[in-house]
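Colleague: Hey, dropping run_34.txt in here, compact mmCIF, C-alpha atoms:
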```txt
# COMPACT_ATOMS: atom_id res chain seq x y z
CA MET A 1 -7.31 -19.73 -11.18
CA ASN A 2 -8.64 -17.84 -8.16
CA ILE A 3 -6.68 -17.81 -4.93
CA ALA A 4 -7.78 -16.45 -1.56
CA VAL A 5 -5.14 -14.82 0.64
CA LEU A 6 -5.62 -14.44 4.40
CA SER A 7 -3.40 -12.80 7.00
CA CYS A 8 -3.17 -11.87 10.67
CA ILE A 9 -5.83 -14.11 12.19
CA HIS A 10 -4.52 -13.55 15.73
CA GLY A 11 -6.45 -16.24 17.54
CA ASN A 12 -9.82 -14.91 16.34
CA LEU A 13 -11.63 -18.12 15.48
CA GLU A 14 -15.00 -16.42 14.97
CA ALA A 15 -13.56 -14.18 12.24
CA LEU A 16 -11.68 -17.02 10.59
CA GLU A 17 -14.80 -19.20 10.37
CA ALA A 18 -16.77 -16.32 8.84
CA VAL A 19 -14.13 -15.76 6.17
CA LEU A 20 -13.88 -19.48 5.42
CA ARG A 21 -17.66 -19.67 5.00
CA GLU A 22 -17.57 -16.85 2.47
CA ILE A 23 -14.63 -18.41 0.62
CA ASP A 24 -16.66 -21.62 0.31
CA GLN A 25 -19.25 -19.61 -1.64
CA GLN A 26 -16.66 -18.15 -4.03
CA PRO A 27 -14.93 -19.83 -7.00
CA VAL A 28 -11.65 -20.17 -5.08
CA ASP A 29 -9.18 -22.86 -6.08
CA GLN A 30 -6.54 -22.42 -3.39
CA ILE A 31 -6.01 -20.57 -0.09
CA TYR A 32 -2.80 -19.02 1.21
CA CYS A 33 -2.25 -17.63 4.70
CA LEU A 34 0.39 -15.01 5.51
CA GLY A 35 0.84 -15.88 9.17
CA ASP A 36 0.24 -14.36 12.59
CA LEU A 37 -2.12 -17.17 13.51
CA VAL A 38 -1.70 -16.34 17.20
CA GLY A 39 -1.36 -13.30 19.45
CA TYR A 40 -3.94 -10.86 20.88
CA GLY A 41 -6.86 -13.24 20.38
CA PRO A 42 -8.35 -15.89 22.69
CA TYR A 43 -8.20 -19.03 20.53
CA PRO A 44 -4.65 -19.65 19.25
CA ASN A 45 -4.80 -23.45 19.32
CA GLU A 46 -8.19 -23.59 17.67
CA VAL A 47 -7.11 -21.29 14.84
CA VAL A 48 -3.98 -23.34 14.18
CA ALA A 49 -5.99 -26.55 14.25
CA ARG A 50 -8.43 -25.16 11.66
CA ILE A 51 -5.65 -24.01 9.35
CA ARG A 52 -4.01 -27.43 9.61
CA GLU A 53 -7.30 -29.26 9.12
CA LEU A 54 -7.82 -27.47 5.81
CA ASP A 55 -4.15 -27.88 4.85
CA ILE A 56 -3.86 -24.16 4.05
CA SER A 57 -0.40 -23.17 2.79
CA THR A 58 0.91 -20.78 5.46
CA CYS A 59 4.05 -18.75 6.09
CA GLN A 60 5.35 -17.65 9.48
CA GLY A 61 4.26 -14.32 10.94
CA CYS A 62 6.04 -12.18 13.50
CA TRP A 63 3.84 -13.34 16.38
CA ASP A 64 4.32 -16.95 15.30
CA GLU A 65 8.07 -16.36 15.36
CA ASP A 66 7.95 -14.70 18.78
CA ILE A 67 6.03 -17.59 20.33
CA VAL A 68 8.66 -20.01 18.98
CA ASP A 69 11.85 -17.99 19.54
CA GLY A 70 10.85 -15.67 22.38
CA LEU A 71 9.59 -12.11 22.57
CA ASN A 72 13.00 -10.62 21.80
CA ALA A 73 13.01 -12.15 18.32
CA CYS A 74 12.20 -8.63 17.15
CA ASP A 75 14.91 -6.16 18.16
CA CYS A 76 12.70 -3.12 18.49
CA SER A 77 10.66 -1.27 21.06
CA TYR A 78 6.98 -0.72 21.69
CA PRO A 79 5.53 2.75 21.14
CA SER A 80 5.00 3.28 24.88
CA LEU A 81 5.50 1.59 28.23
CA LEU A 82 1.77 0.84 28.44
CA ALA A 83 1.83 -0.74 24.98
CA GLU A 84 4.85 -2.80 25.97
CA THR A 85 3.10 -3.99 29.12
CA ARG A 86 0.03 -5.06 27.14
CA GLY A 87 2.16 -6.74 24.48
CA ARG A 88 4.10 -8.71 27.04
CA LEU A 89 0.89 -9.77 28.79
CA ALA A 90 -0.50 -11.01 25.47
CA HIS A 91 2.74 -12.83 24.69
CA GLU A 92 2.91 -14.48 28.13
CA TRP A 93 -0.73 -15.55 27.95
CA THR A 94 -0.36 -16.96 24.44
CA ASN A 95 2.94 -18.63 25.29
CA GLN A 96 1.28 -20.47 28.19
CA GLU A 97 -1.89 -21.26 26.23
CA VAL A 98 -0.40 -22.87 23.11
CA THR A 99 0.11 -26.61 23.12
CA PRO A 100 3.41 -28.28 22.20
CA GLU A 101 1.75 -29.39 18.96
CA THR A 102 0.75 -25.82 18.09
CA ARG A 103 4.24 -24.54 18.91
CA ALA A 104 5.88 -27.20 16.74
CA TYR A 105 3.61 -26.29 13.83
CA LEU A 106 4.43 -22.58 14.15
CA ALA A 107 8.13 -23.44 14.19
CA SER A 108 7.76 -25.46 10.98
CA LEU A 109 6.28 -22.62 8.94
CA PRO A 110 8.42 -21.20 6.10
CA LEU A 111 9.27 -17.50 5.90
CA ALA A 112 7.95 -17.27 2.33
CA LEU A 113 5.89 -19.22 -0.17
CA GLN A 114 6.14 -19.04 -3.96
CA GLN A 115 3.75 -19.97 -6.75
CA ASP A 116 4.83 -19.13 -10.30
CA ASN A 117 5.18 -15.32 -10.39
CA LEU A 118 3.57 -14.83 -6.98
CA CYS A 119 5.32 -14.60 -3.62
CA PHE A 120 3.68 -14.72 -0.19
CA VAL A 121 5.28 -13.30 2.97
CA HIS A 122 4.08 -11.89 6.27
CA GLY A 123 5.82 -8.52 6.59
CA SER A 124 8.32 -8.40 3.74
CA PRO A 125 10.91 -10.70 2.16
CA HIS A 126 13.41 -8.92 4.43
CA SER A 127 11.71 -9.65 7.76
CA GLN A 128 8.41 -10.77 9.26
CA HIS A 129 8.55 -7.54 11.29
CA GLU A 130 9.05 -5.08 8.43
CA TYR A 131 6.07 -2.97 7.41
CA LEU A 132 5.40 -2.43 3.71
CA LEU A 133 3.02 0.52 3.86
CA PRO A 134 1.15 2.16 0.97
CA ASP A 135 3.54 5.11 1.20
CA THR A 136 6.74 3.12 1.67
CA SER A 137 9.46 4.50 -0.61
CA ALA A 138 8.87 3.27 -4.15
CA PHE A 139 12.54 2.28 -4.37
CA ILE A 140 12.29 0.11 -1.23
CA ALA A 141 8.93 -1.31 -2.29
CA LEU A 142 10.26 -2.27 -5.71
CA GLU A 143 13.44 -3.75 -4.24
CA ARG A 144 11.39 -5.95 -1.94
CA VAL A 145 9.37 -7.31 -4.87
CA LEU A 146 12.41 -7.80 -7.10
CA ALA A 147 14.21 -9.66 -4.29
CA THR A 148 11.62 -12.42 -4.57
CA GLY A 149 11.91 -12.88 -8.32
CA ALA A 150 8.12 -12.54 -8.50
CA ASP A 151 5.87 -9.99 -10.17
CA THR A 152 3.32 -9.84 -7.34
CA LEU A 153 4.15 -9.81 -3.65
CA PHE A 154 1.43 -10.60 -1.12
CA CYS A 155 1.97 -9.37 2.43
CA GLY A 156 0.09 -8.59 5.64
CA HIS A 157 1.40 -7.31 9.00
CA THR A 158 -0.03 -3.78 8.64
CA HIS A 159 -3.63 -5.00 9.19
CA VAL A 160 -4.71 -2.50 6.50
CA PRO A 161 -5.48 -3.90 3.01
CA TYR A 162 -4.28 -2.20 -0.16
CA VAL A 163 -3.12 -2.83 -3.72
CA ARG A 164 -0.06 -0.93 -4.94
CA HIS A 165 1.18 -0.90 -8.54
CA LEU A 166 4.84 -0.15 -9.20
CA GLU A 167 4.96 0.84 -12.87
CA ASN A 168 7.53 2.15 -15.35
CA SER A 169 10.43 1.70 -12.99
CA HIS A 170 13.86 2.39 -14.47
CA LEU A 171 17.39 2.39 -13.14
CA THR A 172 19.60 5.09 -14.68
CA LEU A 173 23.30 4.23 -14.97
CA LYS A 174 26.10 6.65 -15.87
CA VAL A 175 29.17 4.76 -16.98
CA ALA A 176 32.45 6.67 -16.73
CA SER A 177 34.79 6.45 -19.72
CA SER A 178 38.02 8.02 -20.92
CA SER A 179 36.14 10.00 -23.57
CA SER A 180 34.62 13.40 -22.91
CA GLN A 181 31.15 11.92 -22.94
CA SER A 182 29.76 9.50 -20.39
CA PRO A 183 26.93 7.50 -21.91
CA THR A 184 23.75 7.18 -19.90
CA HIS A 185 21.84 3.93 -19.92
CA SER A 186 18.27 3.62 -18.69
CA THR A 187 17.61 0.01 -17.76
CA PRO A 188 14.02 -1.10 -17.23
CA LEU A 189 13.61 -2.87 -13.89
CA SER A 190 9.99 -3.79 -14.27
CA SER A 191 7.07 -3.05 -16.53
CA LEU A 192 4.66 -3.80 -13.69
CA LYS A 193 5.13 -5.09 -10.18
CA ARG A 194 2.49 -5.25 -7.46
CA ILE A 195 2.26 -5.37 -3.70
CA ILE A 196 -1.05 -6.67 -2.40
CA ASN A 197 -1.75 -6.42 1.31
CA ALA A 198 -4.48 -8.76 2.55
CA GLY A 199 -5.20 -6.73 5.68
CA SER A 200 -6.31 -8.78 8.69
CA VAL A 201 -8.88 -11.46 9.34
CA GLY A 202 -8.68 -11.32 13.12
CA GLU A 203 -7.71 -7.77 14.02
CA PRO A 204 -8.56 -5.27 11.26
CA ARG A 205 -7.21 -1.74 11.55
CA HIS A 206 -8.86 -0.08 8.55
CA GLY A 207 -11.55 1.62 10.60
CA ARG A 208 -14.20 -1.12 10.57
CA SER A 209 -14.66 -4.31 12.54
CA ASN A 210 -15.05 -6.43 9.39
CA ALA A 211 -12.50 -9.12 8.63
CA THR A 212 -10.59 -8.58 5.38
CA TYR A 213 -8.97 -10.87 2.84
CA VAL A 214 -8.10 -10.93 -0.88
CA ILE A 215 -9.26 -12.92 -3.87
CA TYR A 216 -6.74 -12.83 -6.73
CA ASN A 217 -7.29 -14.10 -10.26
CA THR A 218 -4.06 -15.40 -11.77
CA ASP A 219 -5.35 -15.06 -15.34
CA THR A 220 -6.64 -11.48 -15.20
CA GLN A 221 -4.20 -10.46 -12.42
CA GLN A 222 -7.05 -8.65 -10.70
CA ALA A 223 -7.18 -8.42 -6.91
CA GLU A 224 -10.44 -7.99 -5.02
CA LEU A 225 -10.18 -6.72 -1.44
CA ARG A 226 -13.11 -8.24 0.42
CA GLU A 227 -14.68 -7.53 3.83
CA VAL A 228 -16.71 -9.99 5.87
CA GLU A 229 -19.02 -9.06 8.72
CA TYR A 230 -19.06 -11.40 11.70
CA ASP A 231 -20.14 -11.34 15.35
CA TYR A 232 -17.02 -9.72 16.77
CA THR A 233 -18.75 -9.34 20.16
CA LYS A 234 -18.20 -13.06 20.79
CA THR A 235 -14.45 -12.63 20.37
CA CYS A 236 -14.49 -9.47 22.50
CA ALA A 237 -16.28 -11.35 25.29
CA ALA A 238 -13.77 -14.21 25.09
CA ILE A 239 -10.86 -11.74 25.28
CA LEU A 240 -12.25 -10.39 28.55
CA GLU A 241 -13.15 -13.82 29.94
CA LYS A 242 -9.64 -15.14 29.36
CA GLY A 243 -8.01 -12.18 31.10
CA LEU A 244 -6.40 -10.54 28.07
CA PRO A 245 -6.10 -6.71 28.12
CA ALA A 246 -9.51 -5.08 27.65
CA ILE A 247 -8.06 -2.65 25.11
CA PHE A 248 -7.73 -5.61 22.70
CA ALA A 249 -11.53 -5.99 22.75
CA TRP A 250 -12.02 -2.26 22.25
CA ARG A 251 -9.78 -1.98 19.20
CA LEU A 252 -11.27 -5.16 17.70
CA ALA A 253 -14.73 -3.62 17.95
CA GLN A 254 -13.53 -0.33 16.46
CA GLY A 255 -11.32 -1.79 13.74
CA LEU A 256 -8.55 0.54 14.89
CA GLU A 257 -5.10 0.40 16.37
CA TYR A 258 -4.68 2.10 19.72
CA ALA A 259 -1.28 3.21 20.90
CA GLU A 260 -0.18 6.04 23.12
CA LYS A 261 2.28 8.63 21.87
CA ALA A 262 5.66 7.02 21.35
CA ASP A 263 8.31 7.68 23.97
CA ASP A 264 10.85 7.54 21.17
CA PRO A 265 9.12 7.94 17.77
CA THR A 266 12.31 7.09 15.89
CA HIS A 267 12.24 3.54 17.24
CA VAL A 268 8.76 2.08 17.13
CA CYS A 269 7.34 -1.38 16.69
CA GLU A 270 3.58 -1.98 16.84
CA ARG A 271 3.14 -5.72 16.64
```
Just give me the structure of the file as structure tokens.

Modeller:
Amino acid sequence: MNIAVLSCIHGNLEALEAVLREIDQQPVDQIYCLGDLVGYGPYPNEVVARIRELDISTCQGCWDEDIVDGLNACDCSYPSLLAETRGRLAHEWTNQEVTPETRAYLASLPLALQQDNLCFVHGSPHSQHEYLLPDTSAFIALERVLATGADTLFCGHTHVPYVRHLENSHLTLKVASSSSQSPTHSTPLSSLKRIINAGSVGEPRHGRSNATYVIYNTDTQQAELREVEYDYTKTCAAILEKGLPAIFAWRLAQGLEYAEKADDPTHVCER
């Protein structure tokens, strides 16, 4: 069985349609979406309508949560005052743009989805706002996978695709006893666990403007990170026409994040 995994569409209908067209040409049996259907991009209602039309299994992203529960759903700061101003403008615009039907759908989304030994979340099983990066502590990464009871954890949120294997993980226990020797037990936690990040359909940050997604084969357990070219200039033009911050168009064209130096680097959130 082949499954396609999408994430972080962010109101970019042009990118979503391009990815869906490519998926139609692949031997894909099912599609999962890891959330962040809205935010930054100019077409939040249209993206949600397309996801619903195709009945794509979707979990709630951090932007989806913020539109439902308010911007303070995430108790963290932006990396700079300028970034905070832009983020609030994007939130206010999106909050006014979405229809009651779109908002109700975003509110109905689950935090996680499970299929056999696969789990699908937006950020991590801990929070939609937590980043699981390629260099996240192996202990934390493994704990997050084990918490789901799955072997493979699919996530997004970082906007950068990757596949990470967590192999030969053991927990060493020293059990105190009344004897002079304390036996040591090495308990295997997992022979192989994986974290697969699908990157971003609508706002890639891997250095190219191409949309990214994943095709995963459940039999071979192989993940293919795929890129799709599309006419991002149409989305950039729509961002400007609708009065969203121009920097959103710039970073979409570059496939890069843009954030000023953090005022307090110990407390950063880049939504």

Colleague: What is the CA of Asp69 (chain A) to CA of Ala211 (chain A) distance in Å?

Modeller: 28.1 Å

Colleague: Tell me, as a short mmCIF file (atom, residue, chain, number, x, y, z; two decimals) with C-alpha atoms, in the frame of the given file, which residues lie within 8 Å of Val160 (chain A), counting all atoms listed in the file; anything in the same chain fewer than 4 positions away does not count.

Modeller:
```cif
data_model
loop_
_atom_site.label_atom_id
_atom_site.label_comp_id
_atom_site.auth_asym_id
_atom_site.auth_seq_id
_atom_site.Cartn_x
_atom_site.Cartn_y
_atom_site.Cartn_z
CA GLY A 156 0.09 -8.59 5.64
CA ASN A 197 -1.75 -6.42 1.31
CA ALA A 198 -4.48 -8.76 2.55
CA GLY A 199 -5.20 -6.73 5.68
CA SER A 200 -6.31 -8.78 8.69
CA PRO A 204 -8.56 -5.27 11.26
CA ARG A 205 -7.21 -1.74 11.55
CA HIS A 206 -8.86 -0.08 8.55
#
```

Colleague: CA of Val28 (chain A) and CA of Val228 (chain A) are how many Å apart?

Modeller: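 Distance reported for this atom pair: 15.8 Å.
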
Colleague: Can you pull out every residue within 12 Å of Leu244 (chain A), counting all atoms listed in the file, but drop anything in the same chain fewer than 5 positions away, and send it as JSON, numbers by chain?

Modeller: {"A": [11, 39, 40, 41, 42, 43, 85, 86, 87, 88, 89, 90, 91, 92, 93, 94, 97, 235, 236, 237, 238, 239, 249, 250]}

Colleague: List as a list in words the residues having at least one atom at most 7 Å from position (-12.6, -4.3, 14.8) as given in the file, counting only C-alpha atoms.

Modeller: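 Nearby residues: Glu203, Pro204, Arg205, Arg208, Ser209, Asn210, Arg251, Leu252, Ala253, Gln254, Gly255 and Leu256 of chain A.
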
Colleague: Mind pulling up the distance from CA of Cys33 (chain A) to CA of His129 (chain A)?

Modeller: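 About the pair CA of His129 (chain A) and CA of Cys33 (chain A): they are 16.2 Å apart.
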
Colleague: Between A:Asp64, A:Glu22, A:Glu53, A:Asp151, which one has atoms that come closest to Ile195 (chain A), using all atoms listed in the file?

Modeller: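 The closest residue to Ile195 (chain A) is A:Asp151.
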
Colleague: Of the candidates A:Val47, A:Ile215, A:Leu20, A:Leu34, which shows the shortest atom-to-atom distance to Ala4 (chain A), using only C-alpha atoms?

Modeller: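 Under the stated criterion, the closest residue is A:Ile215.
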
Colleague: Could you give me, as a list in words, the residues within 10 Å of Thr58 (chain A), counting only C-alpha atoms and dropping anything in the same chain fewer than 3 positions from it?

Modeller: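 These residues fall inside the cut-off: Val5, Leu6, Ser7, Ile31, Tyr32, Cys33, Leu34, Gly35, Asp36, Leu37, Ile51, Arg52, Asp55, Gly61, Leu106, Ser108, Leu109, Pro110, Leu111, Ala112, Leu113, Phe120, Val121 and His122 of chain A.
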
Colleague: Taking only C-alpha atoms into account, name the residue in A:Arg164, A:Arg103, A:His157, A:Lys193 that is nearest to Glu143 (chain A).

Modeller: A:Lys193

Colleague: Choose the residue, out of A:Thr158, A:Thr99, A:Thr148, A:Gln114, that has the smallest atom-to-atom separation from Pro134 (chain A); count only C-alpha atoms.

Modeller: A:Thr158

Colleague: Rank nothing, just name the residue among A:Pro161, A:Gly149, A:Pro27, A:Pro125 nearest to Arg226 (chain A), using only C-alpha atoms.

Modeller: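 Among the listed residues, the smallest separation from Arg226 (chain A) belongs to A:Pro161.
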
Colleague: Report, as AutoDock Vina command-line options, the centre and edge lengths in Å (one decimal) of the axis-aligned box enclosing every listed atom of region 53-70 of chain A, padded by 5 Å on each side.

Modeller:
```
--center_x 2.0 --center_y -20.7 --center_z 12.6 --size_x 29.7 --size_y 27.1 --size_z 29.6
```

Colleague: Could you list, as a PyMOL selection string, every residue within 12 Å of Leu166 (chain A), counting only C-alpha atoms and ignoring same-chain residues fewer than 6 positions away?

Modeller: chain A and resi 134-146+151-153+189-196

Colleague: Starting from the incomplete input, reconstruct N, CA and C atoms of region 136-160 of chain A and write that as a PDB file, keeping the file's coordinate frame.

Modeller:
```
ATOM      1  N   THR A 136       5.334   3.511   1.606  1.00  0.00           N
ATOM      2  CA  THR A 136       6.740   3.120   1.670  1.00  0.00           C
ATOM      3  C   THR A 136       7.452   3.577   0.399  1.00  0.00           C
ATOM      4  N   SER A 137       8.682   4.052   0.536  1.00  0.00           N
ATOM      5  CA  SER A 137       9.460   4.500  -0.610  1.00  0.00           C
ATOM      6  C   SER A 137       9.322   3.547  -1.788  1.00  0.00           C
ATOM      7  N   ALA A 138       9.049   4.097  -2.955  1.00  0.00           N
ATOM      8  CA  ALA A 138       8.870   3.270  -4.150  1.00  0.00           C
ATOM      9  C   ALA A 138      10.121   2.446  -4.440  1.00  0.00           C
ATOM     10  N   PHE A 139      11.290   3.016  -4.146  1.00  0.00           N
ATOM     11  CA  PHE A 139      12.540   2.280  -4.370  1.00  0.00           C
ATOM     12  C   PHE A 139      12.589   1.046  -3.472  1.00  0.00           C
ATOM     13  N   ILE A 140      12.272   1.240  -2.173  1.00  0.00           N
ATOM     14  CA  ILE A 140      12.290   0.110  -1.230  1.00  0.00           C
ATOM     15  C   ILE A 140      11.218  -0.905  -1.611  1.00  0.00           C
ATOM     16  N   ALA A 141      10.024  -0.411  -1.929  1.00  0.00           N
ATOM     17  CA  ALA A 141       8.930  -1.310  -2.290  1.00  0.00           C
ATOM     18  C   ALA A 141       9.303  -2.167  -3.493  1.00  0.00           C
ATOM     19  N   LEU A 142       9.872  -1.538  -4.513  1.00  0.00           N
ATOM     20  CA  LEU A 142      10.260  -2.270  -5.710  1.00  0.00           C
ATOM     21  C   LEU A 142      11.378  -3.263  -5.413  1.00  0.00           C
ATOM     22  N   GLU A 143      12.333  -2.842  -4.592  1.00  0.00           N
ATOM     23  CA  GLU A 143      13.440  -3.750  -4.240  1.00  0.00           C
ATOM     24  C   GLU A 143      12.925  -4.992  -3.550  1.00  0.00           C
ATOM     25  N   ARG A 144      11.931  -4.812  -2.663  1.00  0.00           N
ATOM     26  CA  ARG A 144      11.390  -5.950  -1.940  1.00  0.00           C
ATOM     27  C   ARG A 144      10.718  -6.941  -2.902  1.00  0.00           C
ATOM     28  N   VAL A 145      10.010  -6.423  -3.904  1.00  0.00           N
ATOM     29  CA  VAL A 145       9.370  -7.310  -4.870  1.00  0.00           C
ATOM     30  C   VAL A 145      10.425  -8.003  -5.726  1.00  0.00           C
ATOM     31  N   LEU A 146      11.382  -7.225  -6.227  1.00  0.00           N
ATOM     32  CA  LEU A 146      12.410  -7.800  -7.100  1.00  0.00           C
ATOM     33  C   LEU A 146      13.232  -8.866  -6.376  1.00  0.00           C
ATOM     34  N   ALA A 147      13.406  -8.695  -5.065  1.00  0.00           N
ATOM     35  CA  ALA A 147      14.210  -9.660  -4.290  1.00  0.00           C
ATOM     36  C   ALA A 147      13.587 -11.053  -4.310  1.00  0.00           C
ATOM     37  N   THR A 148      12.299 -11.123  -4.568  1.00  0.00           N
ATOM     38  CA  THR A 148      11.620 -12.420  -4.570  1.00  0.00           C
ATOM     39  C   THR A 148      11.655 -13.102  -5.931  1.00  0.00           C
ATOM     40  N   GLY A 149      11.966 -12.332  -6.976  1.00  0.00           N
ATOM     41  CA  GLY A 149      11.910 -12.880  -8.320  1.00  0.00           C
ATOM     42  C   GLY A 149      10.500 -13.002  -8.853  1.00  0.00           C
ATOM     43  N   ALA A 150       9.524 -12.457  -8.117  1.00  0.00           N
ATOM     44  CA  ALA A 150       8.120 -12.540  -8.500  1.00  0.00           C
ATOM     45  C   ALA A 150       7.656 -11.201  -9.074  1.00  0.00           C
ATOM     46  N   ASP A 151       6.483 -11.222  -9.684  1.00  0.00           N
ATOM     47  CA  ASP A 151       5.870  -9.990 -10.170  1.00  0.00           C
ATOM     48  C   ASP A 151       4.906  -9.403  -9.139  1.00  0.00           C
ATOM     49  N   THR A 152       4.302 -10.280  -8.333  1.00  0.00           N
ATOM     50  CA  THR A 152       3.320  -9.840  -7.340  1.00  0.00           C
ATOM     51  C   THR A 152       3.723 -10.371  -5.978  1.00  0.00           C
ATOM     52  N   LEU A 153       3.793  -9.462  -5.024  1.00  0.00           N
ATOM     53  CA  LEU A 153       4.150  -9.810  -3.650  1.00  0.00           C
ATOM     54  C   LEU A 153       2.931  -9.609  -2.760  1.00  0.00           C
ATOM     55  N   PHE A 154       2.519 -10.669  -2.092  1.00  0.00           N
ATOM     56  CA  PHE A 154       1.430 -10.600  -1.120  1.00  0.00           C
ATOM     57  C   PHE A 154       2.025 -10.473   0.278  1.00  0.00           C
ATOM     58  N   CYS A 155       1.482  -9.540   1.059  1.00  0.00           N
ATOM     59  CA  CYS A 155       1.970  -9.370   2.430  1.00  0.00           C
ATOM     60  C   CYS A 155       0.798  -9.014   3.340  1.00  0.00           C
ATOM     61  N   GLY A 156       1.073  -8.977   4.630  1.00  0.00           N
ATOM     62  CA  GLY A 156       0.090  -8.590   5.640  1.00  0.00           C
ATOM     63  C   GLY A 156       0.765  -7.655   6.629  1.00  0.00           C
ATOM     64  N   HIS A 157       0.671  -7.973   7.917  1.00  0.00           N
ATOM     65  CA  HIS A 157       1.400  -7.310   9.000  1.00  0.00           C
ATOM     66  C   HIS A 157       0.863  -5.919   9.348  1.00  0.00           C
ATOM     67  N   THR A 158       0.465  -5.124   8.362  1.00  0.00           N
ATOM     68  CA  THR A 158      -0.030  -3.780   8.640  1.00  0.00           C
ATOM     69  C   THR A 158      -1.476  -3.788   9.144  1.00  0.00           C
ATOM     70  N   HIS A 159      -2.210  -4.858   8.852  1.00  0.00           N
ATOM     71  CA  HIS A 159      -3.630  -5.000   9.190  1.00  0.00           C
ATOM     72  C   HIS A 159      -4.516  -4.046   8.384  1.00  0.00           C
ATOM     73  N   VAL A 160      -3.954  -3.406   7.377  1.00  0.00           N
ATOM     74  CA  VAL A 160      -4.710  -2.500   6.500  1.00  0.00           C
ATOM     75  C   VAL A 160      -4.528  -2.973   5.062  1.00  0.00           C
TER      76      VAL A 160
END
```
